[in-house]
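Peer 1: If it helps, the file is called data.cif and holds mmCIF, C-alpha atoms:
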data_structure
loop_
_atom_site.group_PDB
_atom_site.id
_atom_site.type_symbol
_atom_site.label_atom_id
_atom_site.label_comp_id
_atom_site.auth_asym_id
_atom_site.auth_seq_id
_atom_site.Cartn_x
_atom_site.Cartn_y
_atom_site.Cartn_z
ATOM 1 C CA MET A 1 61.283 -47.142 222.332
ATOM 2 C CA ARG A 2 58.064 -45.932 220.708
ATOM 3 C CA ARG A 3 58.463 -42.942 218.407
ATOM 4 C CA TYR A 4 56.826 -39.666 219.404
ATOM 5 C CA LEU A 5 54.769 -39.230 216.232
ATOM 6 C CA PRO A 6 51.187 -38.136 215.490
ATOM 7 C CA SER A 7 48.992 -40.124 213.122
ATOM 8 C CA LEU A 8 49.663 -39.844 209.403
ATOM 9 C CA SER A 9 45.983 -38.985 208.843
ATOM 10 C CA ALA A 10 46.328 -35.967 211.135
ATOM 11 C CA LEU A 11 49.485 -34.840 209.355
ATOM 12 C CA HIS A 12 47.800 -35.130 205.946
ATOM 13 C CA ALA A 13 44.844 -33.101 207.198
ATOM 14 C CA PHE A 14 47.064 -30.373 208.638
ATOM 15 C CA GLU A 15 49.277 -30.187 205.522
ATOM 16 C CA ALA A 16 46.253 -29.813 203.237
ATOM 17 C CA ALA A 17 44.583 -27.231 205.495
ATOM 18 C CA ALA A 18 47.797 -25.188 205.695
ATOM 19 C CA ARG A 19 48.348 -25.464 201.943
ATOM 20 C CA PHE A 20 44.853 -24.215 201.075
ATOM 21 C CA MET A 21 44.352 -22.140 204.242
ATOM 22 C CA ASN A 22 40.824 -23.484 204.101
ATOM 23 C CA PHE A 23 39.292 -26.520 205.822
ATOM 24 C CA THR A 24 36.643 -26.996 203.119
ATOM 25 C CA LYS A 25 39.162 -27.121 200.262
ATOM 26 C CA ALA A 26 41.413 -29.384 202.307
ATOM 27 C CA ALA A 27 38.487 -31.746 202.833
ATOM 28 C CA GLU A 28 37.731 -31.803 199.091
ATOM 29 C CA ASP A 29 41.391 -32.484 198.302
ATOM 30 C CA LEU A 30 41.568 -35.457 200.687
ATOM 31 C CA GLY A 31 38.055 -36.778 200.101
ATOM 32 C CA LEU A 32 36.955 -36.086 203.673
ATOM 33 C CA THR A 33 34.302 -33.954 205.312
ATOM 34 C CA GLN A 34 35.089 -30.527 206.729
ATOM 35 C CA SER A 35 34.294 -31.831 210.208
ATOM 36 C CA GLY A 36 36.713 -34.703 209.595
ATOM 37 C CA ILE A 37 39.505 -32.250 208.801
ATOM 38 C CA SER A 38 38.646 -30.151 211.833
ATOM 39 C CA ARG A 39 38.668 -33.218 214.081
ATOM 40 C CA GLN A 40 42.044 -34.430 212.769
ATOM 41 C CA ILE A 41 43.644 -31.019 213.311
ATOM 42 C CA HIS A 42 42.117 -30.775 216.808
ATOM 43 C CA ASN A 43 43.670 -34.166 217.619
ATOM 44 C CA LEU A 44 47.027 -33.020 216.240
ATOM 45 C CA GLU A 45 46.977 -29.807 218.299
ATOM 46 C CA LYS A 46 46.054 -31.856 221.381
ATOM 47 C CA PHE A 47 48.938 -34.265 220.674
ATOM 48 C CA LEU A 48 51.442 -31.393 220.229
ATOM 49 C CA GLY A 49 50.049 -29.290 223.048
ATOM 50 C CA VAL A 50 50.169 -26.105 220.953
ATOM 51 C CA PRO A 51 47.690 -24.363 218.607
ATOM 52 C CA LEU A 52 48.527 -24.545 214.884
ATOM 53 C CA PHE A 53 45.801 -22.205 213.569
ATOM 54 C CA HIS A 54 43.872 -19.231 214.806
ATOM 55 C CA ARG A 55 41.115 -17.324 213.078
ATOM 56 C CA SER A 56 41.369 -13.668 212.112
ATOM 57 C CA GLY A 57 37.767 -12.804 211.293
ATOM 58 C CA PRO A 58 36.713 -15.145 208.465
ATOM 59 C CA ARG A 59 40.317 -16.004 207.616
ATOM 60 C CA LEU A 60 42.325 -18.982 208.773
ATOM 61 C CA VAL A 61 45.851 -18.050 209.892
ATOM 62 C CA LEU A 62 48.775 -20.242 210.890
ATOM 63 C CA THR A 63 50.388 -19.567 214.230
ATOM 64 C CA GLU A 64 54.147 -19.127 214.259
ATOM 65 C CA VAL A 65 54.550 -22.725 215.432
ATOM 66 C CA GLY A 66 52.060 -23.860 212.785
ATOM 67 C CA ALA A 67 53.911 -22.078 209.978
ATOM 68 C CA ASN A 68 57.241 -23.631 210.968
ATOM 69 C CA TYR A 69 55.655 -27.048 211.417
ATOM 70 C CA TYR A 70 53.971 -26.849 207.982
ATOM 71 C CA ARG A 71 57.197 -25.881 206.224
ATOM 72 C CA ASP A 72 59.146 -28.798 207.670
ATOM 73 C CA LEU A 73 56.252 -31.237 207.357
ATOM 74 C CA ALA A 74 55.748 -30.513 203.653
ATOM 75 C CA LEU A 75 59.400 -31.373 202.979
ATOM 76 C CA THR A 76 59.130 -34.530 205.054
ATOM 77 C CA LEU A 77 55.971 -35.714 203.264
ATOM 78 C CA ASP A 78 57.611 -35.028 199.879
ATOM 79 C CA LYS A 79 60.591 -37.137 200.924
ATOM 80 C CA LEU A 80 58.314 -39.885 202.230
ATOM 81 C CA GLN A 81 56.475 -39.933 198.913
ATOM 82 C CA GLU A 82 59.775 -40.106 197.013
ATOM 83 C CA ILE A 83 61.135 -43.065 198.970
ATOM 84 C CA THR A 84 57.764 -44.822 198.701
ATOM 85 C CA ILE A 85 57.799 -44.473 194.906
ATOM 86 C CA ASP A 86 61.431 -45.651 194.905
ATOM 87 C CA ALA A 87 60.384 -48.756 196.840
ATOM 88 C CA VAL A 88 57.617 -49.516 194.338
ATOM 89 C CA ARG A 89 59.846 -49.234 191.287
ATOM 90 C CA GLY A 90 62.837 -50.838 192.975
ATOM 91 C CA ARG A 91 65.360 -48.031 192.614
ATOM 92 C CA SER A 92 66.128 -44.532 193.812
ATOM 93 C CA VAL A 93 65.751 -41.356 191.785
ATOM 94 C CA ASP A 94 69.359 -40.640 192.757
ATOM 95 C CA SER A 95 70.481 -43.756 190.854
ATOM 96 C CA SER A 96 69.001 -42.465 187.595
ATOM 97 C CA LEU A 97 70.605 -40.336 184.917
ATOM 98 C CA MET A 98 68.638 -37.107 185.254
ATOM 99 C CA ILE A 99 68.372 -35.371 181.872
ATOM 100 C CA GLY A 100 66.886 -31.884 181.660
ATOM 101 C CA THR A 101 65.763 -30.097 178.528
ATOM 102 C CA HIS A 102 63.381 -27.537 177.038
ATOM 103 C CA PRO A 103 59.724 -28.646 176.766
ATOM 104 C CA THR A 104 59.464 -28.883 172.966
ATOM 105 C CA LEU A 105 62.936 -30.348 172.485
ATOM 106 C CA GLY A 106 62.058 -32.964 175.082
ATOM 107 C CA ALA A 107 58.725 -33.677 173.401
ATOM 108 C CA ARG A 108 59.871 -33.743 169.778
ATOM 109 C CA TRP A 109 63.605 -33.972 169.068
ATOM 110 C CA LEU A 110 64.856 -36.152 171.923
ATOM 111 C CA PRO A 111 62.256 -38.979 171.874
ATOM 112 C CA ARG A 112 62.967 -39.655 168.181
ATOM 113 C CA ARG A 113 66.592 -40.466 169.055
ATOM 114 C CA ILE A 114 67.050 -41.533 172.658
ATOM 115 C CA GLU A 115 65.935 -45.124 172.047
ATOM 116 C CA THR A 116 69.405 -45.926 170.683
ATOM 117 C CA PHE A 117 70.984 -44.766 173.959
ATOM 118 C CA ILE A 118 68.480 -46.763 176.013
ATOM 119 C CA ARG A 119 69.225 -49.929 174.042
ATOM 120 C CA ALA A 120 72.992 -49.435 174.306
ATOM 121 C CA HIS A 121 72.891 -48.622 178.041
ATOM 122 C CA ALA A 122 70.048 -50.700 179.461
ATOM 123 C CA GLU A 123 71.825 -50.671 182.829
ATOM 124 C CA ILE A 124 71.359 -46.888 183.228
ATOM 125 C CA PRO A 125 67.928 -45.803 184.535
ATOM 126 C CA ILE A 126 66.864 -42.553 182.841
ATOM 127 C CA GLU A 127 64.698 -39.676 184.032
ATOM 128 C CA VAL A 128 63.871 -36.950 181.478
ATOM 129 C CA THR A 129 62.500 -33.757 182.989
ATOM 130 C CA LEU A 130 62.135 -30.058 182.240
ATOM 131 C CA ALA A 131 65.109 -27.820 182.877
ATOM 132 C CA PRO A 132 63.920 -24.799 184.892
ATOM 133 C CA ALA A 133 64.556 -21.320 183.526
ATOM 134 C CA ASP A 134 66.626 -20.463 186.624
ATOM 135 C CA LEU A 135 68.706 -23.656 186.466
ATOM 136 C CA ASP A 136 71.632 -23.498 188.921
ATOM 137 C CA PHE A 137 74.291 -26.063 188.011
ATOM 138 C CA GLU A 138 75.898 -25.778 191.411
ATOM 139 C CA THR A 139 72.855 -27.179 193.224
ATOM 140 C CA THR A 140 70.745 -28.914 190.559
ATOM 141 C CA ARG A 141 69.877 -32.603 190.779
ATOM 142 C CA LEU A 142 70.186 -32.798 186.974
ATOM 143 C CA ASP A 143 73.156 -34.777 185.706
ATOM 144 C CA ILE A 144 73.120 -33.315 182.190
ATOM 145 C CA ALA A 145 70.881 -31.035 180.146
ATOM 146 C CA ILE A 146 70.321 -30.228 176.490
ATOM 147 C CA LEU A 147 69.887 -26.477 176.332
ATOM 148 C CA ARG A 148 69.745 -23.684 173.798
ATOM 149 C CA GLY A 149 72.170 -20.811 174.252
ATOM 150 C CA VAL A 150 75.569 -19.387 173.361
ATOM 151 C CA GLY A 151 77.669 -21.921 175.264
ATOM 152 C CA THR A 152 78.318 -20.364 178.674
ATOM 153 C CA TRP A 153 76.710 -21.573 181.909
ATOM 154 C CA LEU A 154 78.028 -20.906 185.400
ATOM 155 C CA ASN A 155 79.525 -23.913 187.245
ATOM 156 C CA ALA A 156 79.046 -26.111 184.174
ATOM 157 C CA ARG A 157 80.807 -27.507 181.145
ATOM 158 C CA SER A 158 79.182 -27.603 177.724
ATOM 159 C CA VAL A 159 79.615 -29.325 174.375
ATOM 160 C CA GLU A 160 78.024 -27.791 171.262
ATOM 161 C CA LEU A 161 75.714 -30.211 169.494
ATOM 162 C CA PHE A 162 74.237 -28.309 166.548
ATOM 163 C CA ALA A 163 73.376 -24.770 165.479
ATOM 164 C CA GLU A 164 69.752 -23.717 165.639
ATOM 165 C CA GLU A 165 68.052 -22.940 162.338
ATOM 166 C CA ILE A 166 64.721 -21.141 162.192
ATOM 167 C CA ALA A 167 62.238 -20.668 159.376
ATOM 168 C CA ILE A 168 58.807 -19.266 158.655
ATOM 169 C CA VAL A 169 56.491 -22.203 158.120
ATOM 170 C CA ALA A 170 52.947 -22.480 156.856
ATOM 171 C CA SER A 171 50.339 -25.158 156.410
ATOM 172 C CA PRO A 172 49.166 -26.074 152.881
ATOM 173 C CA LYS A 173 45.729 -25.076 154.207
ATOM 174 C CA LEU A 174 47.012 -21.490 154.292
ATOM 175 C CA VAL A 175 49.702 -21.402 151.591
ATOM 176 C CA GLU A 176 49.629 -23.907 148.741
ATOM 177 C CA LEU A 177 52.524 -26.373 148.610
ATOM 178 C CA GLY A 178 55.236 -25.296 146.178
ATOM 179 C CA THR A 179 54.437 -21.590 146.533
ATOM 180 C CA LYS A 180 57.519 -19.387 146.708
ATOM 181 C CA LEU A 181 57.059 -16.040 148.400
ATOM 182 C CA GLU A 182 59.335 -13.082 149.014
ATOM 183 C CA ASN A 183 60.259 -12.314 152.613
ATOM 184 C CA GLU A 184 58.379 -9.014 152.363
ATOM 185 C CA ASP A 185 55.125 -10.943 151.795
ATOM 186 C CA PHE A 186 55.055 -12.283 155.355
ATOM 187 C CA ALA A 187 52.898 -9.351 156.543
ATOM 188 C CA LYS A 188 50.021 -10.515 154.320
ATOM 189 C CA PHE A 189 49.380 -13.458 156.644
ATOM 190 C CA PRO A 190 48.352 -13.846 160.297
ATOM 191 C CA MET A 191 51.584 -14.017 162.299
ATOM 192 C CA LEU A 192 51.406 -16.500 165.174
ATOM 193 C CA GLN A 193 53.245 -15.399 168.308
ATOM 194 C CA ASN A 194 55.340 -17.505 170.689
ATOM 195 C CA ALA A 195 55.085 -16.283 174.292
ATOM 196 C CA SER A 196 58.116 -18.351 175.318
ATOM 197 C CA ARG A 197 60.255 -16.590 172.671
ATOM 198 C CA PRO A 198 58.458 -13.261 172.169
ATOM 199 C CA SER A 199 61.186 -11.560 170.120
ATOM 200 C CA MET A 200 61.314 -14.249 167.420
ATOM 201 C CA TRP A 201 59.666 -12.165 164.689
ATOM 202 C CA LEU A 202 61.888 -9.143 165.360
ATOM 203 C CA HIS A 203 64.902 -11.453 165.424
ATOM 204 C CA TRP A 204 63.942 -12.955 162.051
ATOM 205 C CA LEU A 205 63.406 -9.492 160.547
ATOM 206 C CA ARG A 206 66.858 -8.412 161.669
ATOM 207 C CA LEU A 207 68.521 -11.566 160.354
ATOM 208 C CA SER A 208 66.659 -11.223 157.040
ATOM 209 C CA GLY A 209 67.682 -7.596 156.651
ATOM 210 C CA LEU A 210 64.091 -6.375 156.310
ATOM 211 C CA ASN A 211 63.199 -2.832 157.308
ATOM 212 C CA TYR A 212 59.615 -3.492 158.340
ATOM 213 C CA GLN A 213 57.742 -0.672 160.076
ATOM 214 C CA GLY A 214 54.293 -2.247 160.498
ATOM 215 C CA ARG A 215 52.730 -3.978 163.467
ATOM 216 C CA ILE A 216 53.520 -7.582 164.287
ATOM 217 C CA GLN A 217 50.431 -9.132 165.749
ATOM 218 C CA GLY A 218 48.572 -12.404 165.799
ATOM 219 C CA THR A 219 47.320 -15.112 168.104
ATOM 220 C CA ARG A 220 49.745 -15.732 170.957
ATOM 221 C CA PHE A 221 50.597 -19.218 172.217
ATOM 222 C CA ALA A 222 52.292 -20.096 175.490
ATOM 223 C CA HIS A 223 55.026 -22.324 174.069
ATOM 224 C CA THR A 224 56.461 -23.726 170.844
ATOM 225 C CA GLU A 225 54.524 -27.014 170.879
ATOM 226 C CA MET A 226 51.221 -25.126 170.857
ATOM 227 C CA LEU A 227 52.550 -22.763 168.177
ATOM 228 C CA ILE A 228 53.499 -25.652 165.869
ATOM 229 C CA ASN A 229 50.097 -27.296 166.269
ATOM 230 C CA ALA A 230 48.383 -23.999 165.463
ATOM 231 C CA ALA A 231 50.512 -23.573 162.336
ATOM 232 C CA VAL A 232 49.628 -27.101 161.200
ATOM 233 C CA GLN A 233 45.953 -26.166 161.492
ATOM 234 C CA GLY A 234 46.497 -23.223 159.149
ATOM 235 C CA ILE A 235 45.682 -20.540 161.710
ATOM 236 C CA GLY A 236 48.691 -18.484 160.595
ATOM 237 C CA ILE A 237 52.379 -18.554 159.740
ATOM 238 C CA ALA A 238 54.948 -19.160 162.463
ATOM 239 C CA ILE A 239 58.679 -18.979 163.042
ATOM 240 C CA VAL A 240 59.989 -22.205 164.570
ATOM 241 C CA PRO A 241 63.296 -24.072 164.925
ATOM 242 C CA VAL A 242 63.314 -26.624 162.105
ATOM 243 C CA CYS A 243 64.711 -29.335 164.400
ATOM 244 C CA TYR A 244 61.268 -29.429 166.053
ATOM 245 C CA ILE A 245 59.230 -30.021 162.897
ATOM 246 C CA GLU A 246 61.061 -32.806 161.054
ATOM 247 C CA ALA A 247 57.940 -34.989 161.004
ATOM 248 C CA GLU A 248 55.608 -32.192 159.868
ATOM 249 C CA LEU A 249 57.949 -31.211 157.038
ATOM 250 C CA ALA A 250 58.325 -34.837 155.929
ATOM 251 C CA ARG A 251 54.534 -35.284 155.853
ATOM 252 C CA ASN A 252 54.017 -31.917 154.091
ATOM 253 C CA GLU A 253 51.873 -30.732 156.990
ATOM 254 C CA LEU A 254 54.156 -27.688 157.068
ATOM 255 C CA HIS A 255 56.406 -26.187 154.413
ATOM 256 C CA MET A 256 58.708 -23.177 154.038
ATOM 257 C CA PRO A 257 57.250 -20.841 151.381
ATOM 258 C CA PHE A 258 59.582 -17.991 152.432
ATOM 259 C CA GLY A 259 62.760 -19.888 151.680
ATOM 260 C CA PRO A 260 65.198 -22.146 153.514
ATOM 261 C CA PRO A 261 66.050 -21.902 157.214
ATOM 262 C CA ILE A 262 68.509 -19.351 158.559
ATOM 263 C CA LEU A 263 70.832 -19.569 161.552
ATOM 264 C CA SER A 264 69.350 -17.986 164.665
ATOM 265 C CA GLY A 265 72.712 -17.362 166.342
ATOM 266 C CA ASP A 266 72.004 -19.883 169.117
ATOM 267 C CA SER A 267 73.069 -23.508 169.320
ATOM 268 C CA TYR A 268 71.998 -26.533 171.328
ATOM 269 C CA TYR A 269 74.499 -27.804 173.890
ATOM 270 C CA ALA A 270 74.974 -30.731 176.214
ATOM 271 C CA VAL A 271 75.543 -28.986 179.553
ATOM 272 C CA TYR A 272 76.520 -30.697 182.793
ATOM 273 C CA PRO A 273 77.686 -29.598 186.251
ATOM 274 C CA GLU A 274 81.436 -29.436 186.832
ATOM 275 C CA ARG A 275 81.019 -31.726 189.841
ATOM 276 C CA LYS A 276 79.385 -34.450 187.708
ATOM 277 C CA ALA A 277 81.705 -34.325 184.717
ATOM 278 C CA GLN A 278 83.289 -37.717 185.435
ATOM 279 C CA LEU A 279 80.141 -39.689 186.305
ATOM 280 C CA PRO A 280 80.095 -42.773 184.047
ATOM 281 C CA SER A 281 76.451 -42.185 183.070
ATOM 282 C CA VAL A 282 77.171 -38.550 182.154
ATOM 283 C CA VAL A 283 80.238 -39.543 180.128
ATOM 284 C CA ALA A 284 78.168 -42.196 178.311
ATOM 285 C CA PHE A 285 75.276 -39.842 177.512
ATOM 286 C CA ARG A 286 77.571 -37.003 176.482
ATOM 287 C CA GLY A 287 79.398 -39.307 174.075
ATOM 288 C CA TRP A 288 76.153 -40.680 172.664
ATOM 289 C CA VAL A 289 74.446 -37.303 172.119
ATOM 290 C CA THR A 290 77.613 -35.901 170.528
ATOM 291 C CA ARG A 291 77.754 -38.789 168.041
ATOM 292 C CA GLU A 292 73.996 -38.618 167.449
ATOM 293 C CA THR A 293 74.047 -34.921 166.585
ATOM 294 C CA ARG A 294 77.105 -35.380 164.388
ATOM 295 C CA THR A 295 74.991 -37.793 162.337
ATOM 296 C CA TYR A 296 72.074 -35.356 162.469
ATOM 297 C CA ARG A 297 74.234 -32.554 161.063
ATOM 298 C CA LYS A 298 75.464 -34.788 158.232
ATOM 299 C CA LEU A 299 71.925 -35.772 157.265
ATOM 300 C CA LYS A 300 70.884 -32.110 157.074
ATOM 301 C CA THR A 301 73.687 -31.287 154.618
ATOM 302 C CA GLN A 302 72.907 -34.169 152.243
#
Would you encode the structure as structure tokens?

Peer 2:
Amino acid sequence: MRRYLPSLSALHAFEAAARFMNFTKAAEDLGLTQSGISRQIHNLEKFLGVPLFHRSGPRLVLTEVGANYYRDLALTLDKLQEITIDAVRGRSVDSSLMIGTHPTLGARWLPRRIETFIRAHAEIPIEVTLAPADLDFETTRLDIAILRGVGTWLNARSVELFAEEIAIVASPKLVELGTKLENEDFAKFPMLQNASRPSMWLHWLRLSGLNYQGRIQGTRFAHTEMLINAAVQGIGIAIVPVCYIEAELARNELHMPFGPPILSGDSYYAVYPERKAQLPSVVAFRGWVTRETRTYRKLKTQ
């Protein structure tokens, strides 16, 4: 029996028009003309027998049926895209080990190490993605995450990997290599700000026992990766977790003129949902990352 379905072209046109609430922008997005979008939506409304849009003055507004149809259609198209990509690469996302982490940890610390896990477990497909700030371990698709915190997450188990150490770093372009400065001297330099961790300077002051009454100001960057790159360019001094800048320290692109790192009070943990604790891939990754960070801690103390 033939399925009662409109054309895929009409569905694409409607989804884009509803997403932008504008036929012209929908046409640009799909590489069509505005009249082409209008014609496709007219055909879809004729097929369904109900209007999907009406105009309120110059504005385009979804009807109640249109709004419900758009919501369900967007989910369906997302799923169709997912299974199409799965078909191309020969496996499902659900068969992969989904690893979540913070942006800079995932860009800097993890790639330098994960190759050993990939070689040892070639049979496990891996997906590395960003862990959202509002991560819910009861519903997440993630199998395991490497997160910074104090060790407690709802509906999850965690294993501490290593304590976070932070330090003020500077480029030799700004502070000559080998220079040793007192903590109080930090205010003589531009202080780069990290929007993703805005209290870092105040936190460092408290940990260092400094009673500083002046203003803390400087160029603000959206996340730690941008902050590190700015520090390397000599724009100012920055406070960063030292686990992120191993390469820069080794190449003397950054150094620590204000002394060695100090503990921030946070640690990095392997965190995984209670319901996935016994998955073979999770057990394998948890064991690997625990051994890997044990080695990492030993190297830091040598």

Peer 1: What is the distance between CA of Ala230 in chain A and CA of Ile166 in chain A, in Å to one decimal?

Peer 2: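 Result for CA of Ala230 in chain A versus CA of Ile166 in chain A: 16.9 Å, one decimal.
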
Peer 1: Taking the file as shown, find all residues satisfying the PyMOL selection byres ((chain A and resi 258-274) around 8) and write them as a PyMOL selection string.

Peer 2: chain A and resi 137-138+142-151+153+155-169+180-183+186+203-204+207+242+256-257+275-277+282+286+289

Peer 1: Determine the residue membership of the PyMOL selection byres ((chain A and resi 255) around 8) for the file above and supply it as a tab-separated table (two decimals) with C-alpha atoms, in the frame of the given file.

Peer 2:
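Full text of result.tsv as output:
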chain	number	residue	atom	x	y	z
A	169	VAL	CA	56.49	-22.20	158.12
A	170	ALA	CA	52.95	-22.48	156.86
A	171	SER	CA	50.34	-25.16	156.41
A	172	PRO	CA	49.17	-26.07	152.88
A	177	LEU	CA	52.52	-26.37	148.61
A	249	LEU	CA	57.95	-31.21	157.04
A	252	ASN	CA	54.02	-31.92	154.09
A	253	GLU	CA	51.87	-30.73	156.99
A	254	LEU	CA	54.16	-27.69	157.07
A	256	MET	CA	58.71	-23.18	154.04
A	257	PRO	CA	57.25	-20.84	151.38

Peer 1: Translate the PyMOL selection byres ((chain A and resi 217-220) around 7), as applied to the file shown, into an explicit residue set as a JSON list (two decimals) with C-alpha atoms, in the frame of the given file.

Peer 2:
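Saved file out-v8.json follows:
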[["chain", "number", "residue", "atom", "x", "y", "z"],
["A", 190, "PRO", "CA", 48.35, -13.85, 160.30],
["A", 191, "MET", "CA", 51.58, -14.02, 162.30],
["A", 192, "LEU", "CA", 51.41, -16.50, 165.17],
["A", 193, "GLN", "CA", 53.24, -15.40, 168.31],
["A", 194, "ASN", "CA", 55.34, -17.50, 170.69],
["A", 195, "ALA", "CA", 55.08, -16.28, 174.29],
["A", 215, "ARG", "CA", 52.73, -3.98, 163.47],
["A", 216, "ILE", "CA", 53.52, -7.58, 164.29],
["A", 221, "PHE", "CA", 50.60, -19.22, 172.22],
["A", 222, "ALA", "CA", 52.29, -20.10, 175.49]]

Peer 1: To one decimal place, how far is CA of Arg39 in chain A from CA of Arg59 in chain A in Å?

Peer 2: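 Between these atoms lies a distance of 18.5 Å.
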
Peer 1: Would you compute the distance between CA of Val88 in chain A and CA of His102 in chain A? Give it in Å to one decimal.

Peer 2: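 Those two atoms sit 28.6 Å apart.
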
Peer 1: May I have the residues within 8 Å of Leu30 in chain A as a ChimeraX atom specification, using only C-alpha atoms and disregarding those fewer than 4 positions away in the same chain?

Peer 2: /A:13,16,26

Peer 1: Extract, using all atoms listed in the file, all DNA, RNA and protein residues at most 12 Å from Thr104 in chain A, discarding same-chain residues fewer than 5 positions from it, and format them as a list in words.

Peer 2: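 Non-adjacent residues within range: Trp109, Leu110, Pro111, Thr129, Leu130, Ala131, Ile146, Leu147, Arg148, Ser196, Ala222, His223, Thr224, Glu225, Met226, Leu227, Ile228, Asn229, Val240, Pro241, Val242, Cys243, Tyr244 and Ile245 of chain A.
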
Peer 1: So which one's closest to Ala247 in chain A, A:Gln213, A:Leu97, A:Arg112, A:Tyr69? Using only C-alpha atoms, please.

Peer 2: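 Among the listed residues, A:Arg112 lies closest to Ala247 in chain A.
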
Peer 1: In terms of the shortest atom-to-atom distance over all atoms listed in the file, which of A:Ser281, A:Ser56, A:Thr63, A:Thr76 is closest to Glu15 in chain A?

Peer 2: A:Thr76
